[in-house]
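Here is the structure we will look at.
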Amino acid sequence: MTRFTLRQLSYFIAVAECGSIVLASRRASISESAISTAVAQLEQEFDVQLFLRHHAQGLTLTPAGRAMLREAKALVQQAQGMYAAASEFNHQLRGQLVVGCFVTLAPIVLPELAQGFMQAYPATQILPREDHQPGLLEGLRRAEIDIAITYDLQISEDIAFEPLVALPPHALFGDDHPLAGKPVVRLKELAELPMVLLDLPLSREYFMGLFQQERLEPTVAWRSQNHDVVRALVANGYGYALANVRPRADIALDGRRIHRVRLSGDLQPMRLGIATLRQLKPNRLVAAFLQHCQAAISRDAIPGMSPDEAPRARKAAARPRAR
C-alpha cells in the first residue's frame with residue numbers, strides 16, 4: 001500500500017530544485033511547515049535521508065536524495081500525463097504549467113497574467129520560473145519549462161518565438177536629475193553622464209548596442225544584475241538607467257521617485273513574446289496559455305505595466321493646432 005502522495009513528491013522536488021525550504025514554500029505557495037512535514041514523511045516512509053542540512057547555507061541532496069529525485073520527477077510527470085490524457089476526453093483543462101519569465105518581467109507581468117489564466121481554468125496551476133535569457137532558453141531545451149515569456153534576444157532556430165508587443169527603450173532618472181523633467185532625451189545627452197547598467201546576459205549587450213548604433217559610448221559608473229537595485233540606484237542619484245519595462249509604480253523599493261523619459265531616435269525596441277521549444281508540439285494546456293497571452297498582451301495593454309505614452313505623444317504632435 002502506497003503511503004506517500006504526489007503532493008509530497010511535488011514539495012520534495014521543489015525543495016531539491018530551490019535548495020531551501022523557504023524558497024520552496026514561496027514557489028509552491030504553501031507554508032514552510034507543510035514543506036518540512038512532507039519531506040520528513042518521505043524520509044520516514046523510505047527510511048533514507050534526502051537532504052544534508054547546512055547552517056545558513058540551505059540544503060543539498062544526499063546520494064539517496066538524488067536517486068529519489070529522478071524517480072519523483074518521473075512519477076509526477078506520469079501523473080500529469082494521465083490528467084492531460086483525461087482532459088482530452090472531458091475537455092476540462094487541468095494540470096500544472098511551468099511558465100518561465102524573463103527576470104525583469106516576472107514581478108510585473110507574470111502575477112496578473114497567471115492569475116487571469118487560473119481564474120479562467122480553476123483546475124490548472126502556474127509554476128513560475130524566473131531567469132535571464134540563456135537560462136530560459138536552456139530550460140525550454142531541457143523540458144524544465146513548458147513556455148517562456150521573454151524577449152527576442154538571440155532566439156536560435158530550435159526555439160519558436162511569437163512576438164506580442166514591442167517595448168521601446170526609455171531613460172530613468174531620479175527626482176533631482178536635471179533631465180528628469182524633460183519630455184524626451186537623446187542618447188547623445190546621456191553618453192557622458194554616469195550610467196547605471198542592468199548587467200544581465202544579452203540585456204547589457206542590447207543597451208550598449210543602442211549607443212553603438214549612434215556611434216556613442218556610455219559612461220558606465222554602476223552595474224547590477226537586479227532590476228530593483230538599478231532602479232534604487234537611479235532614484236538615489238547615482239546616475240540614469242535605460243529600461244524597456246514600464247512598471248505602474250514610478251518609485252523604487254525605498255520609496256524614492258523615478259522619472260521615465262522617452263528616448264528620441266529610431267532605436268531598436270525589445271519585442272516581448274512567447275517562446276516554446278520548436279520540436280515539441282504544444283499540448284492543450286500550453287496552447288490555452290498561449291492564447292491567453294495573445295489576448296492579454298498587446299500594444300494597448302500589458303499586464304502590470306503602465307501604457308506607452310509615445311503613440312499618444314506622436315498623435316498629439318500630428319494634430320493641427322487651433323488658431
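Identifiers in the C-alpha cells: chain A, B, ... in order shown; residue index from 1 per chain; ligand index from 1 in order shown.
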Residue contacts of Glu214 of chain A (10 Å, only C-alpha atoms) excluding same-chain residues fewer than 5 positions away, as a ChimeraX atom specification: /A:187-188,209,265-267
Which residue of A:Arg215, A:His259, A:Arg129, A:Arg141 approaches Leu179 of chain A most closely, using only C-alpha atoms: A:His259
Using DSSP secondary structure from the backbone, list all strand (DSSP E or B) positions within segment 82-219 of chain A, as an MDAnalysis selection string. chainID A and resid 95:102 124:131 147:151 159:167 170:174 184:185 194:198 219
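If you look at atom CA of Leu285 of chain A and atom CA of Ser25 of chain A, they are 24.4 Å away from each other.
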Selected residue, from A:Ala160, A:Ala64, A:Ala123, A:Leu198, that lies nearest to Asp47 of chain A when counting only C-alpha atoms: A:Ala64
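Near Asp158 of chain A, within a cut-off of 10 Å and counting only C-alpha atoms, sit the residues Leu137, Leu140, Arg141, Thr276, Leu277, Arg278, Gln279 and Leu280 of chain A, with same-chain residues fewer than 5 positions away left out.
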Those same residues, written as an mmCIF file, in the first residue's frame with N, CA and C atoms?
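Output file out04.cif is given in full below:
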```cif
data_model
loop_
_atom_site.group_PDB
_atom_site.id
_atom_site.type_symbol
_atom_site.label_atom_id
_atom_site.label_comp_id
_atom_site.auth_asym_id
_atom_site.auth_seq_id
_atom_site.Cartn_x
_atom_site.Cartn_y
_atom_site.Cartn_z
ATOM 1 N N LEU A 137 16.085 29.830 -22.174
ATOM 2 C CA LEU A 137 16.186 29.031 -23.394
ATOM 3 C C LEU A 137 16.697 27.622 -23.088
ATOM 4 N N LEU A 140 13.874 25.559 -21.616
ATOM 5 C CA LEU A 140 12.981 25.032 -22.654
ATOM 6 C C LEU A 140 13.592 23.798 -23.304
ATOM 7 N N ARG A 141 14.881 23.858 -23.595
ATOM 8 C CA ARG A 141 15.545 22.736 -24.264
ATOM 9 C C ARG A 141 15.559 21.494 -23.385
ATOM 10 N N THR A 276 8.693 28.835 -27.086
ATOM 11 C CA THR A 276 8.491 27.413 -26.818
ATOM 12 C C THR A 276 9.551 26.625 -27.583
ATOM 13 N N LEU A 277 9.705 25.379 -27.228
ATOM 14 C CA LEU A 277 10.646 24.510 -27.946
ATOM 15 C C LEU A 277 9.995 24.088 -29.259
ATOM 16 N N ARG A 278 10.646 24.382 -30.372
ATOM 17 C CA ARG A 278 10.025 24.197 -31.685
ATOM 18 C C ARG A 278 9.656 22.737 -31.960
ATOM 19 N N GLN A 279 10.499 21.797 -31.562
ATOM 20 C CA GLN A 279 10.257 20.399 -31.906
ATOM 21 C C GLN A 279 9.203 19.738 -31.026
ATOM 22 N N LEU A 280 8.764 20.438 -29.971
ATOM 23 C CA LEU A 280 7.781 19.876 -29.052
ATOM 24 C C LEU A 280 6.398 20.440 -29.364
#
```
Give me the residues within 6 Å of Cys101 of chain A as a ChimeraX atom specification, counting only C-alpha atoms and dropping any in the same chain fewer than 3 places off. /A:106,130,148-150
So which residues touch Phe207 of chain A within 9 Å, counting only C-alpha atoms, skipping near sequence neighbours fewer than 2 positions away, as a list in words?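 Listed by chain and then number, they are Pro169, Leu197, Leu198, Leu202, Ser203, Arg204, Glu205, Gly209, Leu210, Phe211, Leu242 and Ala243 of chain A.
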Write a file of the just-selected residues containing N, CA and C atoms, as a PDB file, in the first residue's frame.
```pdb
ATOM      1  N   PRO A 169      12.973  51.401 -25.759  1.00  0.00           N
ATOM      2  CA  PRO A 169      13.764  51.785 -24.583  1.00  0.00           C
ATOM      3  C   PRO A 169      13.433  53.204 -24.135  1.00  0.00           C
ATOM      4  N   LEU A 197      23.980  50.405 -15.214  1.00  0.00           N
ATOM      5  CA  LEU A 197      23.706  49.405 -16.247  1.00  0.00           C
ATOM      6  C   LEU A 197      23.062  48.160 -15.640  1.00  0.00           C
ATOM      7  N   LEU A 198      21.973  47.700 -16.261  1.00  0.00           N
ATOM      8  CA  LEU A 198      21.406  46.396 -15.923  1.00  0.00           C
ATOM      9  C   LEU A 198      22.314  45.341 -16.545  1.00  0.00           C
ATOM     10  N   LEU A 202      23.001  39.341 -22.347  1.00  0.00           N
ATOM     11  CA  LEU A 202      22.259  39.793 -23.522  1.00  0.00           C
ATOM     12  C   LEU A 202      21.577  41.140 -23.298  1.00  0.00           C
ATOM     13  N   SER A 203      21.073  41.413 -22.091  1.00  0.00           N
ATOM     14  CA  SER A 203      20.472  42.719 -21.821  1.00  0.00           C
ATOM     15  C   SER A 203      21.525  43.814 -21.903  1.00  0.00           C
ATOM     16  N   ARG A 204      22.687  43.565 -21.285  1.00  0.00           N
ATOM     17  CA  ARG A 204      23.733  44.585 -21.314  1.00  0.00           C
ATOM     18  C   ARG A 204      24.208  44.830 -22.747  1.00  0.00           C
ATOM     19  N   GLU A 205      24.288  43.753 -23.562  1.00  0.00           N
ATOM     20  CA  GLU A 205      24.688  43.931 -24.950  1.00  0.00           C
ATOM     21  C   GLU A 205      23.647  44.752 -25.716  1.00  0.00           C
ATOM     22  N   GLY A 209      24.463  48.298 -27.199  1.00  0.00           N
ATOM     23  CA  GLY A 209      24.289  48.377 -28.638  1.00  0.00           C
ATOM     24  C   GLY A 209      23.500  49.590 -29.087  1.00  0.00           C
ATOM     25  N   LEU A 210      22.601  50.082 -28.236  1.00  0.00           N
ATOM     26  CA  LEU A 210      21.856  51.297 -28.576  1.00  0.00           C
ATOM     27  C   LEU A 210      22.801  52.476 -28.765  1.00  0.00           C
ATOM     28  N   PHE A 211      23.793  52.561 -27.879  1.00  0.00           N
ATOM     29  CA  PHE A 211      24.785  53.632 -28.009  1.00  0.00           C
ATOM     30  C   PHE A 211      25.679  53.408 -29.227  1.00  0.00           C
ATOM     31  N   LEU A 242      18.803  52.825 -18.515  1.00  0.00           N
ATOM     32  CA  LEU A 242      17.913  52.548 -19.633  1.00  0.00           C
ATOM     33  C   LEU A 242      17.084  51.313 -19.297  1.00  0.00           C
ATOM     34  N   ALA A 243      15.853  51.310 -19.765  1.00  0.00           N
ATOM     35  CA  ALA A 243      14.963  50.184 -19.488  1.00  0.00           C
ATOM     36  C   ALA A 243      13.923  50.091 -20.586  1.00  0.00           C
TER      37      ALA A 243
END
```
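Minimum distance to Gln96 of chain A across A:Arg223, A:His292, A:Arg186, A:Arg284 (counting only C-alpha atoms) occurs at A:Arg284.
Considering the residues A:Asp300, A:Asp228, A:Asp152, A:Glu217 and counting only C-alpha atoms, Glu189 of chain A has its shortest atom-to-atom contact with A:Glu217.
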List the neighbours of Ser10 of chain A out to 9 Å using only C-alpha atoms; skip same-chain residues closer than 6 positions along the sequence, and give me the result as an mmCIF file with C-alpha atoms, in the first residue's frame.
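What landed in result_4.cif:
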```
data_model
loop_
_atom_site.group_PDB
_atom_site.id
_atom_site.type_symbol
_atom_site.label_atom_id
_atom_site.label_comp_id
_atom_site.auth_asym_id
_atom_site.auth_seq_id
_atom_site.Cartn_x
_atom_site.Cartn_y
_atom_site.Cartn_z
ATOM 1 C CA ALA A 28 4.604 26.243 -4.062
ATOM 2 C CA ALA A 72 9.904 11.502 -8.056
ATOM 3 C CA LYS A 73 10.085 13.638 -11.202
ATOM 4 C CA VAL A 76 4.881 13.331 -11.127
#
```
Within 8 Å of Leu153 of chain A using only C-alpha atoms, minus same-chain residues under 2 positions, as a PyMOL selection string: chain A and resi 133+151+155+202+270
Mind pulling up the distance from atom CA of Ala296 of chain A to atom CA of Arg231 of chain A?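 Separating atom CA of Arg231 of chain A from atom CA of Ala296 of chain A is a distance of 26.3 Å.
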Identify which of the residues A:Val165, A:Leu52, A:Ala120, A:Leu110 lies closest to Leu93 of chain A, counting only C-alpha atoms when measuring atom-to-atom distances.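 Of all the options, A:Ala120 lies closest to Leu93 of chain A.
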Test item, alpha helix (DSSP H) assignment across segment 84-321 of chain A, answer as a ChimeraX atom specification: /A:84-90,106-120,133-141,187-190,203-213,227-235,284-296,309-318
